[in-house]
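> For reference, this is work.txt, and it has compact mmCIF, C-alpha atoms and all ligand atoms.
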# COMPACT_ATOMS: atom_id res chain seq x y z
CA MET A 1012 -15.46 76.16 -95.62
CA LYS A 1013 -16.88 77.25 -98.91
CA LYS A 1014 -15.55 75.44 -101.86
CA ILE A 1015 -16.75 75.21 -105.39
CA LEU A 1016 -15.28 72.94 -107.95
CA LYS A 1017 -16.76 73.71 -111.30
CA SER A 1018 -15.68 72.48 -114.67
CA ALA A 1019 -16.87 71.62 -118.13
CA VAL A 1020 -16.50 68.00 -117.15
CA LEU A 1021 -15.46 67.40 -113.59
CA ILE A 1022 -14.66 63.79 -113.14
CA ALA A 1023 -14.19 62.56 -109.64
CA LEU A 1024 -12.02 59.59 -110.34
CA PHE A 1025 -11.00 57.06 -107.74
CA SER A 1026 -11.91 58.14 -104.25
CA ALA A 1027 -8.53 57.70 -102.63
CA PHE A 1028 -4.87 57.37 -103.28
CA SER A 1029 -4.23 53.72 -103.87
CA PRO A 1030 -0.73 52.47 -103.26
CA VAL A 1031 0.39 50.47 -106.27
CA ILE A 1032 3.74 49.23 -105.16
CA GLY A 1033 5.28 48.99 -101.73
CA GLY A 1034 6.69 52.10 -100.15
CA SER A 1035 9.91 52.25 -102.13
CA SER A 1036 11.18 55.75 -102.75
CA PRO A 1037 11.66 56.75 -106.40
CA GLN A 1038 15.28 57.68 -105.59
CA ARG A 1039 17.71 55.72 -107.74
CA GLY A 1040 21.15 56.11 -109.24
CA SER A 1041 23.63 58.54 -107.75
CA PRO A 1042 22.78 62.12 -108.69
CA PRO A 1043 25.49 64.81 -108.52
CA PRO A 1044 25.77 66.57 -105.15
CA PRO A 1045 22.90 69.05 -105.02
CA GLY A 1046 23.34 72.82 -104.79
CA PRO A 1047 21.88 74.99 -102.02
CA PRO A 1048 18.36 73.97 -100.94
CA PRO A 1049 15.15 75.59 -102.26
CA ILE A 1050 14.17 79.04 -101.04
CA LEU A 1051 10.87 80.89 -100.54
CA VAL A 1052 10.41 83.79 -102.96
CA LYS A 1053 7.61 86.30 -102.40
CA ILE A 1054 5.56 86.92 -105.54
CA GLY A 1055 2.56 88.75 -104.02
CA GLU A 1056 0.98 89.49 -100.62
CA ASP A 1057 -0.62 86.02 -100.52
CA LEU A 1058 1.51 84.23 -103.10
CA HIS A 1059 4.99 82.74 -102.80
CA MET A 1060 7.06 80.31 -104.79
CA ILE A 1061 9.49 77.66 -103.60
CA GLN A 1062 12.39 77.78 -106.04
CA ASN A 1063 15.75 76.06 -106.44
CA PRO A 1064 18.20 78.99 -106.18
CA GLN A 1065 20.71 77.68 -108.75
CA ASN A 1066 18.19 76.77 -111.49
CA VAL A 1067 20.34 73.94 -112.84
CA VAL A 1068 19.22 70.61 -114.26
CA SER A 1069 21.13 68.59 -111.67
CA ASP A 1070 19.08 70.14 -108.85
CA ILE A 1071 15.81 68.95 -110.42
CA GLY A 1072 16.57 65.37 -109.37
CA ALA A 1073 17.37 66.47 -105.83
CA TYR A 1074 14.68 69.10 -105.28
CA GLY A 1075 12.09 68.90 -108.08
CA GLY A 1076 10.49 71.90 -109.83
CA ASN A 1077 8.88 75.10 -108.58
CA ILE A 1078 5.95 75.20 -106.17
CA SER A 1079 3.44 78.07 -105.90
CA VAL A 1080 2.02 78.66 -102.41
CA PHE A 1081 -1.34 80.53 -102.37
CA LEU A 1082 -2.51 81.66 -98.93
CA THR A 1083 -6.19 82.14 -98.07
CA PRO A 1084 -7.90 82.77 -94.69
CA GLU A 1085 -9.22 79.19 -94.79
CA GLY A 1086 -6.19 77.29 -95.98
CA VAL A 1087 -3.43 76.95 -98.51
CA ILE A 1088 -3.52 75.93 -102.17
CA LEU A 1089 -0.27 74.53 -103.58
CA VAL A 1090 0.57 74.27 -107.25
CA ASP A 1091 2.92 71.29 -107.61
CA SER A 1092 4.65 69.32 -104.89
CA LYS A 1093 8.31 68.81 -105.78
CA ASN A 1094 9.38 65.23 -105.02
CA GLU A 1095 8.61 62.94 -102.12
CA ARG A 1096 11.82 63.59 -100.19
CA MET A 1097 11.14 67.35 -100.12
CA HIS A 1098 7.85 66.83 -98.23
CA ASP A 1099 9.03 67.93 -94.77
CA ASP A 1100 10.82 70.97 -96.18
CA VAL A 1101 7.75 72.01 -98.20
CA VAL A 1102 5.44 71.65 -95.19
CA ALA A 1103 7.90 73.61 -92.98
CA LYS A 1104 8.14 76.43 -95.53
CA VAL A 1105 4.33 76.68 -95.73
CA LYS A 1106 4.15 76.69 -91.89
CA SER A 1107 6.58 79.64 -91.84
CA LEU A 1108 3.97 81.63 -93.80
CA THR A 1109 0.67 80.60 -92.18
CA ASP A 1110 -0.85 78.44 -89.44
CA LYS A 1111 -3.64 77.37 -91.83
CA PRO A 1112 -3.58 73.84 -93.26
CA ILE A 1113 -2.73 72.93 -96.85
CA LYS A 1114 -6.14 72.11 -98.39
CA TYR A 1115 -5.51 71.58 -102.10
CA LEU A 1116 -2.66 70.49 -104.31
CA ILE A 1117 -3.02 71.24 -108.01
CA LEU A 1118 -0.58 69.28 -110.18
CA THR A 1119 0.42 71.07 -113.40
CA HIS A 1120 1.30 67.73 -114.99
CA ASN A 1121 2.31 64.16 -114.28
CA HIS A 1122 6.13 64.41 -114.11
CA ALA A 1123 7.66 63.29 -110.82
CA ASP A 1124 9.60 66.53 -110.22
CA HIS A 1125 6.17 68.19 -109.85
CA SER A 1126 3.90 65.36 -108.71
CA GLY A 1127 6.25 63.18 -106.62
CA GLY A 1128 5.27 64.83 -103.33
CA ALA A 1129 1.53 64.36 -103.90
CA ALA A 1130 1.08 61.06 -102.06
CA LYS A 1131 2.59 62.36 -98.81
CA LEU A 1132 0.52 65.55 -99.00
CA HIS A 1133 -2.57 63.43 -99.59
CA ASP A 1134 -1.66 61.45 -96.47
CA ILE A 1135 -1.89 64.64 -94.38
CA GLY A 1136 -5.36 65.44 -95.71
CA VAL A 1137 -4.66 67.46 -98.86
CA THR A 1138 -7.04 67.03 -101.82
CA VAL A 1139 -5.10 66.46 -105.05
CA LEU A 1140 -6.23 67.52 -108.55
CA ILE A 1141 -4.76 67.09 -112.02
CA SER A 1142 -6.21 67.13 -115.55
CA ALA A 1143 -7.92 63.86 -116.45
CA ASN A 1144 -5.54 63.61 -119.41
CA ASP A 1145 -2.40 63.79 -117.28
CA ARG A 1146 -4.00 61.56 -114.69
CA GLU A 1147 -4.08 58.96 -117.45
CA ASN A 1148 -0.40 59.61 -118.12
CA MET A 1149 0.24 59.05 -114.44
CA ALA A 1150 -1.76 55.81 -114.39
CA ALA A 1151 0.36 54.53 -117.29
CA GLN A 1152 3.59 54.99 -115.31
CA SER A 1153 4.25 51.77 -113.49
CA ASN A 1154 6.47 53.48 -110.90
CA GLN A 1155 3.70 55.85 -109.89
CA GLN A 1156 2.79 55.12 -106.30
CA ALA A 1157 -0.52 56.91 -106.10
CA LEU A 1158 -3.07 58.71 -108.26
CA PRO A 1159 -4.84 62.03 -107.57
CA GLU A 1160 -8.44 61.84 -106.37
CA ILE A 1161 -9.77 64.36 -108.88
CA GLY A 1162 -9.24 64.63 -112.62
CA TYR A 1163 -10.84 67.58 -114.42
CA SER A 1164 -11.17 68.46 -118.10
CA GLY A 1165 -11.07 71.91 -119.66
CA GLN A 1166 -11.35 74.18 -116.67
CA ALA A 1167 -12.07 74.30 -112.96
CA VAL A 1168 -12.00 76.85 -110.18
CA ILE A 1169 -11.23 76.54 -106.49
CA VAL A 1170 -12.75 79.25 -104.28
CA MET A 1171 -11.60 79.30 -100.68
CA GLY A 1172 -11.64 82.04 -98.06
CA GLY A 1173 -12.97 84.47 -100.68
CA LYS A 1174 -10.00 83.87 -102.96
CA GLU A 1175 -9.86 82.20 -106.34
CA ALA A 1176 -7.53 79.91 -108.20
CA ARG A 1177 -8.68 79.26 -111.77
CA LEU A 1178 -7.45 76.16 -113.57
CA ARG A 1179 -7.22 75.81 -117.33
CA GLU A 1180 -6.03 72.81 -119.28
CA PHE A 1181 -3.66 73.21 -122.24
CA ARG A 1182 -1.69 70.81 -124.41
CA GLY A 1183 2.00 71.41 -125.00
CA HIS A 1184 4.54 69.99 -122.57
CA THR A 1185 2.14 67.05 -122.02
CA ARG A 1186 -1.37 66.24 -123.33
CA GLY A 1187 -3.04 67.97 -120.37
CA ASP A 1188 -0.94 70.69 -118.71
CA THR A 1189 -2.71 72.75 -116.07
CA VAL A 1190 -2.17 76.49 -115.83
CA VAL A 1191 -3.36 78.13 -112.60
CA TYR A 1192 -4.44 81.76 -112.71
CA PHE A 1193 -4.68 83.89 -109.57
CA PRO A 1194 -6.81 86.82 -110.78
CA ALA A 1195 -6.42 89.01 -107.67
CA ASP A 1196 -2.63 88.86 -107.96
CA ARG A 1197 -2.52 88.87 -111.78
CA VAL A 1198 -0.16 85.91 -111.56
CA ILE A 1199 -0.19 82.68 -113.56
CA ALA A 1200 1.56 79.41 -112.66
CA MET A 1201 2.40 77.59 -115.89
CA GLY A 1202 4.15 74.35 -114.94
CA ASP A 1203 6.59 73.10 -117.58
CA LEU A 1204 4.75 74.87 -120.41
CA LEU A 1205 7.23 77.54 -119.36
CA THR A 1206 10.82 77.31 -118.16
CA THR A 1207 12.77 80.51 -117.80
CA HIS A 1208 16.42 79.66 -117.22
CA GLU A 1209 18.85 78.97 -120.11
CA ASP A 1210 20.15 75.89 -118.28
CA ILE A 1211 16.67 74.33 -118.19
CA PRO A 1212 15.24 75.03 -121.65
CA PRO A 1213 11.60 74.45 -122.61
CA ILE A 1214 10.93 70.98 -124.02
CA VAL A 1215 7.84 68.96 -124.88
CA ASN A 1216 7.39 65.38 -123.76
CA TYR A 1217 6.17 63.45 -126.79
CA GLY A 1218 5.67 60.28 -124.78
CA ASP A 1219 3.16 62.08 -122.56
CA GLY A 1220 1.29 63.58 -125.50
CA GLY A 1221 3.15 66.87 -125.77
CA SER A 1222 3.40 68.80 -129.03
CA TRP A 1223 5.25 71.95 -130.12
CA THR A 1224 2.40 72.89 -132.45
CA ASP A 1225 -0.03 72.83 -129.55
CA TRP A 1226 2.53 74.48 -127.25
CA LYS A 1227 2.51 77.50 -129.54
CA LYS A 1228 -1.31 77.63 -129.63
CA SER A 1229 -1.42 77.26 -125.85
CA ILE A 1230 1.13 80.00 -125.15
CA ASP A 1231 -0.66 82.33 -127.57
CA GLU A 1232 -3.94 81.67 -125.74
CA ILE A 1233 -2.26 82.15 -122.34
CA LEU A 1234 -0.79 85.47 -123.52
CA THR A 1235 -4.35 86.77 -124.02
CA MET A 1236 -4.98 86.27 -120.29
CA ASP A 1237 -4.71 89.18 -117.88
CA PHE A 1238 -1.49 88.55 -115.94
CA ASP A 1239 1.68 90.47 -115.08
CA THR A 1240 3.83 87.67 -113.63
CA ALA A 1241 4.35 84.06 -114.67
CA ILE A 1242 5.69 81.33 -112.38
CA PRO A 1243 7.42 78.70 -114.55
CA GLY A 1244 7.95 75.01 -113.84
CA HIS A 1245 11.69 75.70 -113.51
CA GLY A 1246 13.61 78.95 -113.17
CA PRO A 1247 12.71 82.34 -111.72
CA ALA A 1248 9.36 84.10 -112.14
CA VAL A 1249 9.15 86.38 -115.20
CA ASN A 1250 6.95 89.15 -116.56
CA LYS A 1251 4.56 88.86 -119.49
CA GLN A 1252 7.03 90.31 -122.01
CA GLN A 1253 9.56 87.66 -121.03
CA VAL A 1254 6.93 84.94 -121.66
CA ARG A 1255 6.41 86.50 -125.09
CA ASP A 1256 10.20 86.45 -125.72
CA ILE A 1257 10.47 82.77 -124.78
CA ARG A 1258 7.47 82.00 -127.02
CA ASN A 1259 9.10 83.84 -129.93
CA LYS A 1260 12.39 82.02 -129.49
CA MET A 1261 10.72 78.61 -129.42
CA VAL A 1262 8.60 79.45 -132.48
CA ALA A 1263 11.76 80.60 -134.32
CA ILE A 1264 13.35 77.23 -133.45
CA GLN A 1265 10.31 75.42 -134.85
CA GLU A 1266 10.50 77.40 -138.10
CA ARG A 1267 14.25 76.71 -138.36
CA VAL A 1268 13.66 72.96 -137.94
CA ARG A 1269 10.95 73.10 -140.61
CA ALA A 1270 13.33 74.82 -143.05
CA LEU A 1271 16.28 72.49 -142.27
CA ASN A 1272 13.99 69.48 -142.71
CA ARG A 1273 13.05 70.77 -146.12
CA GLU A 1274 16.77 70.90 -146.97
CA LYS A 1275 16.99 67.28 -145.79
CA LYS A 1276 19.66 68.13 -143.21
CA PRO A 1277 20.59 65.22 -140.93
CA GLN A 1278 19.78 65.36 -137.23
CA GLU A 1279 23.38 66.08 -136.13
CA ASP A 1280 23.56 69.14 -138.39
CA ILE A 1281 20.20 70.40 -137.16
CA THR A 1282 21.34 69.91 -133.57
CA GLN A 1283 24.55 71.87 -134.16
CA ILE A 1284 22.70 74.69 -135.89
CA LEU A 1285 20.10 74.98 -133.10
CA VAL A 1286 22.75 75.02 -130.39
CA LYS A 1287 24.78 77.64 -132.26
CA GLU A 1288 21.89 79.92 -133.24
CA PHE A 1289 19.58 79.53 -130.25
CA ASN A 1290 21.61 77.91 -127.46
CA TRP A 1291 18.89 75.23 -127.59
CA GLY A 1292 19.29 71.59 -128.54
CA ALA A 1293 21.95 70.43 -126.08
CA GLY A 1294 21.36 69.02 -122.60
CA PRO A 1295 17.70 68.30 -121.81
CA ALA A 1296 16.62 69.65 -125.21
CA ALA A 1297 18.81 67.19 -127.16
CA GLY A 1298 16.25 64.40 -126.86
CA ASN A 1299 13.56 66.65 -128.29
CA ILE A 1300 15.07 67.16 -131.72
CA ALA A 1301 14.13 63.85 -133.38
CA GLY A 1302 10.49 64.36 -132.36
CA MET A 1303 10.55 67.95 -133.48
CA MET A 1304 11.93 66.89 -136.90
CA GLN A 1305 9.02 64.46 -137.25
CA GLU A 1306 6.47 66.99 -136.09
CA PHE A 1307 7.69 69.66 -138.53
CA ARG A 1308 8.26 67.40 -141.52
ZN ZN A 1401 9.66 69.82 -114.56
ZN ZN A 1402 7.64 68.17 -116.96
Can you present the structure in this file as structure tokens?
Ligand SMILES: [Zn+2]
Ligand SMILES: [Zn+2]

Amino acid sequence: MKKILKSAVLIALFSAFSPVIGGSSPQRGSPPPPGPPPILVKIGEDLHMIQNPQNVVSDIGAYGGNISVFLTPEGVILVDSKNERMHDDVVAKVKSLTDKPIKYLILTHNHADHSGGAAKLHDIGVTVLISANDRENMAAQSNQQALPEIGYSGQAVIVMGGKEARLREFRGHTRGDTVVYFPADRVIAMGDLLTTHEDIPPIVNYGDGGSWTDWKKSIDEILTMDFDTAIPGHGPAVNKQQVRDIRNKMVAIQERVRALNREKKPQEDITQILVKEFNWGAGPAAGNIAGMMQEFR
């Protein structure tokens, strides 16, 4: 097997997954009854995504976010892992596409709906990568059971079976989001830097080092890349123009918050205005507004 891992700074951090706390599942509380289970969606000849068909927030707890499945003659590269309890379903879906083993798991960021399945995949021999920045985020979470073996900074590339997956690190949703570019397919997997369904709006996670200012810079840089299709962290795949539209909407929201801040509008008024004008600011976005007001002061 030919593999090259190249990066500006490639840091091989701890050599193995180290269990931190006993094997308790992260499942807690009583989530609403989940909708229909995730489905396989074909994106390209060698590229599929595993997507929750209803694209609603309540299914994130049950099923996690999107997974990209990249097939090569020597094995499979996954982008994101859903959560731990989806492990068997994810492995079965990959098996329905190929008899080759899963070799690599690239985590777009540290949130459990994307990284929660990593430990079980590692246990079946999968090598797990994440940005060194988000690996630090992960290490800071006391409920995190295991840490990826490899943390990279800036960029990296995995070449396997003559096919390439190029990793680039951006700040936005967290301090070290990974975007994975598949040049042969002209497809990019963006993690939670991009969400595409109105019910699951884009947010940044300030606690994990996210920033709307950097999100805008990152999306603008990503839009210079040569892709036709973007796989988001949540919601259906979209084309490049749709990424541009989402970028423009979020930038308009930022500008609106800046103007309303200047008028010294209280948070409740700003929230109401954003919901009315942009259908953004309720649900998962509600918790983002105080941070946004600070950032755009
Ligand atoms: Zn997510
Ligand atoms: Zn996230």
> Would you list the contacts of A:Ala1296 as number ranges by chain, taking every protein, DNA or RNA residue within 9 Å and counting all atoms listed in the file, but skipping same-chain residues closer than 4 positions in sequence?
A: 1211-1215, 1291-1292, 1300
> List all protein, DNA and RNA residues that have any atom at most 9 Å from ligand ZN 1402 (chain A), counting all atoms listed in the file, and write the list as a PDB file with C-alpha atoms, keeping the file's coordinate frame.

ATOM      1  CA  GLY A1076      10.490  71.900-109.830  1.00  0.00           C
ATOM      2  CA  THR A1119       0.420  71.070-113.400  1.00  0.00           C
ATOM      3  CA  HIS A1120       1.300  67.730-114.990  1.00  0.00           C
ATOM      4  CA  ASN A1121       2.310  64.160-114.280  1.00  0.00           C
ATOM      5  CA  HIS A1122       6.130  64.410-114.110  1.00  0.00           C
ATOM      6  CA  ALA A1123       7.660  63.290-110.820  1.00  0.00           C
ATOM      7  CA  ASP A1124       9.600  66.530-110.220  1.00  0.00           C
ATOM      8  CA  HIS A1125       6.170  68.190-109.850  1.00  0.00           C
ATOM      9  CA  HIS A1184       4.540  69.990-122.570  1.00  0.00           C
ATOM     10  CA  THR A1185       2.140  67.050-122.020  1.00  0.00           C
ATOM     11  CA  GLY A1202       4.150  74.350-114.940  1.00  0.00           C
ATOM     12  CA  ASP A1203       6.590  73.100-117.580  1.00  0.00           C
ATOM     13  CA  LEU A1204       4.750  74.870-120.410  1.00  0.00           C
ATOM     14  CA  ILE A1214      10.930  70.980-124.020  1.00  0.00           C
ATOM     15  CA  VAL A1215       7.840  68.960-124.880  1.00  0.00           C
ATOM     16  CA  ASN A1216       7.390  65.380-123.760  1.00  0.00           C
ATOM     17  CA  GLY A1244       7.950  75.010-113.840  1.00  0.00           C
TER      18      GLY A1244
END
> For stretch 1092-1102 of chain A, please output as a list in words all residues within 9 Å (counting all atoms listed in the file; exclusion window: fewer than 5 positions along the same chain).
Ser1036, Pro1037, Gln1038, Pro1049, Ile1061, Ile1071, Gly1072, Ala1073, Tyr1074, Gly1075, Gly1076, Asn1077, Ile1078, Ser1079, Ser1107, Ile1113, Leu1116, Ile1117, Leu1118, Ala1123, Asp1124, His1125, Ser1126, Gly1127, Gly1128, Ala1129, Ala1130, Lys1131 and Leu1132 of chain A
> Between atom CA of A:Thr1138 and atom CA of A:Val1052, what is the distance in Å, rounded to a tenth?
24.2 Å
> Rounded to one decimal in Å, what is the spacing between atom CA of A:Asn1066 and atom CA of A:Gly1246?
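Pair atom CA of A:Asn1066 / atom CA of A:Gly1246 returns 5.3 Å.
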> Supply stretch 1259-1276 of chain A as a PDB file, in the coordinates of the input, with N, CA and C atoms built in where the input has gaps.

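What follows is the written file selection20.pdb:
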ATOM      1  N   ASN A1259       8.557  83.490-128.616  1.00  0.00           N
ATOM      2  CA  ASN A1259       9.100  83.840-129.930  1.00  0.00           C
ATOM      3  C   ASN A1259      10.350  83.035-130.264  1.00  0.00           C
ATOM      4  N   LYS A1260      11.178  82.817-129.264  1.00  0.00           N
ATOM      5  CA  LYS A1260      12.390  82.020-129.490  1.00  0.00           C
ATOM      6  C   LYS A1260      12.024  80.592-129.877  1.00  0.00           C
ATOM      7  N   MET A1261      11.083  79.998-129.136  1.00  0.00           N
ATOM      8  CA  MET A1261      10.720  78.610-129.420  1.00  0.00           C
ATOM      9  C   MET A1261      10.023  78.482-130.781  1.00  0.00           C
ATOM     10  N   VAL A1262       9.254  79.482-131.170  1.00  0.00           N
ATOM     11  CA  VAL A1262       8.600  79.450-132.480  1.00  0.00           C
ATOM     12  C   VAL A1262       9.651  79.607-133.585  1.00  0.00           C
ATOM     13  N   ALA A1263      10.662  80.450-133.351  1.00  0.00           N
ATOM     14  CA  ALA A1263      11.760  80.600-134.320  1.00  0.00           C
ATOM     15  C   ALA A1263      12.506  79.274-134.489  1.00  0.00           C
ATOM     16  N   ILE A1264      12.690  78.552-133.390  1.00  0.00           N
ATOM     17  CA  ILE A1264      13.350  77.230-133.450  1.00  0.00           C
ATOM     18  C   ILE A1264      12.504  76.269-134.293  1.00  0.00           C
ATOM     19  N   GLN A1265      11.196  76.292-134.069  1.00  0.00           N
ATOM     20  CA  GLN A1265      10.310  75.420-134.850  1.00  0.00           C
ATOM     21  C   GLN A1265      10.434  75.723-136.347  1.00  0.00           C
ATOM     22  N   GLU A1266      10.421  77.001-136.687  1.00  0.00           N
ATOM     23  CA  GLU A1266      10.500  77.400-138.100  1.00  0.00           C
ATOM     24  C   GLU A1266      11.853  76.994-138.706  1.00  0.00           C
ATOM     25  N   ARG A1267      12.911  77.108-137.903  1.00  0.00           N
ATOM     26  CA  ARG A1267      14.250  76.710-138.360  1.00  0.00           C
ATOM     27  C   ARG A1267      14.285  75.209-138.646  1.00  0.00           C
ATOM     28  N   VAL A1268      13.680  74.423-137.745  1.00  0.00           N
ATOM     29  CA  VAL A1268      13.660  72.960-137.940  1.00  0.00           C
ATOM     30  C   VAL A1268      12.858  72.625-139.205  1.00  0.00           C
ATOM     31  N   ARG A1269      11.759  73.335-139.404  1.00  0.00           N
ATOM     32  CA  ARG A1269      10.950  73.100-140.610  1.00  0.00           C
ATOM     33  C   ARG A1269      11.781  73.359-141.871  1.00  0.00           C
ATOM     34  N   ALA A1270      12.521  74.467-141.879  1.00  0.00           N
ATOM     35  CA  ALA A1270      13.330  74.820-143.050  1.00  0.00           C
ATOM     36  C   ALA A1270      14.477  73.817-143.256  1.00  0.00           C
ATOM     37  N   LEU A1271      15.144  73.424-142.169  1.00  0.00           N
ATOM     38  CA  LEU A1271      16.280  72.490-142.270  1.00  0.00           C
ATOM     39  C   LEU A1271      15.801  71.109-142.708  1.00  0.00           C
ATOM     40  N   ASN A1272      14.605  70.732-142.268  1.00  0.00           N
ATOM     41  CA  ASN A1272      13.990  69.480-142.710  1.00  0.00           C
ATOM     42  C   ASN A1272      13.785  69.494-144.215  1.00  0.00           C
ATOM     43  N   ARG A1273      13.319  70.614-144.688  1.00  0.00           N
ATOM     44  CA  ARG A1273      13.050  70.770-146.120  1.00  0.00           C
ATOM     45  C   ARG A1273      14.351  70.598-146.912  1.00  0.00           C
ATOM     46  N   GLU A1274      15.452  71.061-146.324  1.00  0.00           N
ATOM     47  CA  GLU A1274      16.770  70.900-146.970  1.00  0.00           C
ATOM     48  C   GLU A1274      17.359  69.514-146.728  1.00  0.00           C
ATOM     49  N   LYS A1275      16.572  68.657-146.072  1.00  0.00           N
ATOM     50  CA  LYS A1275      16.990  67.280-145.790  1.00  0.00           C
ATOM     51  C   LYS A1275      18.293  67.205-144.969  1.00  0.00           C
ATOM     52  N   LYS A1276      18.482  68.142-144.089  1.00  0.00           N
ATOM     53  CA  LYS A1276      19.660  68.130-143.210  1.00  0.00           C
ATOM     54  C   LYS A1276      19.535  66.990-142.194  1.00  0.00           C
TER      55      LYS A1276
END
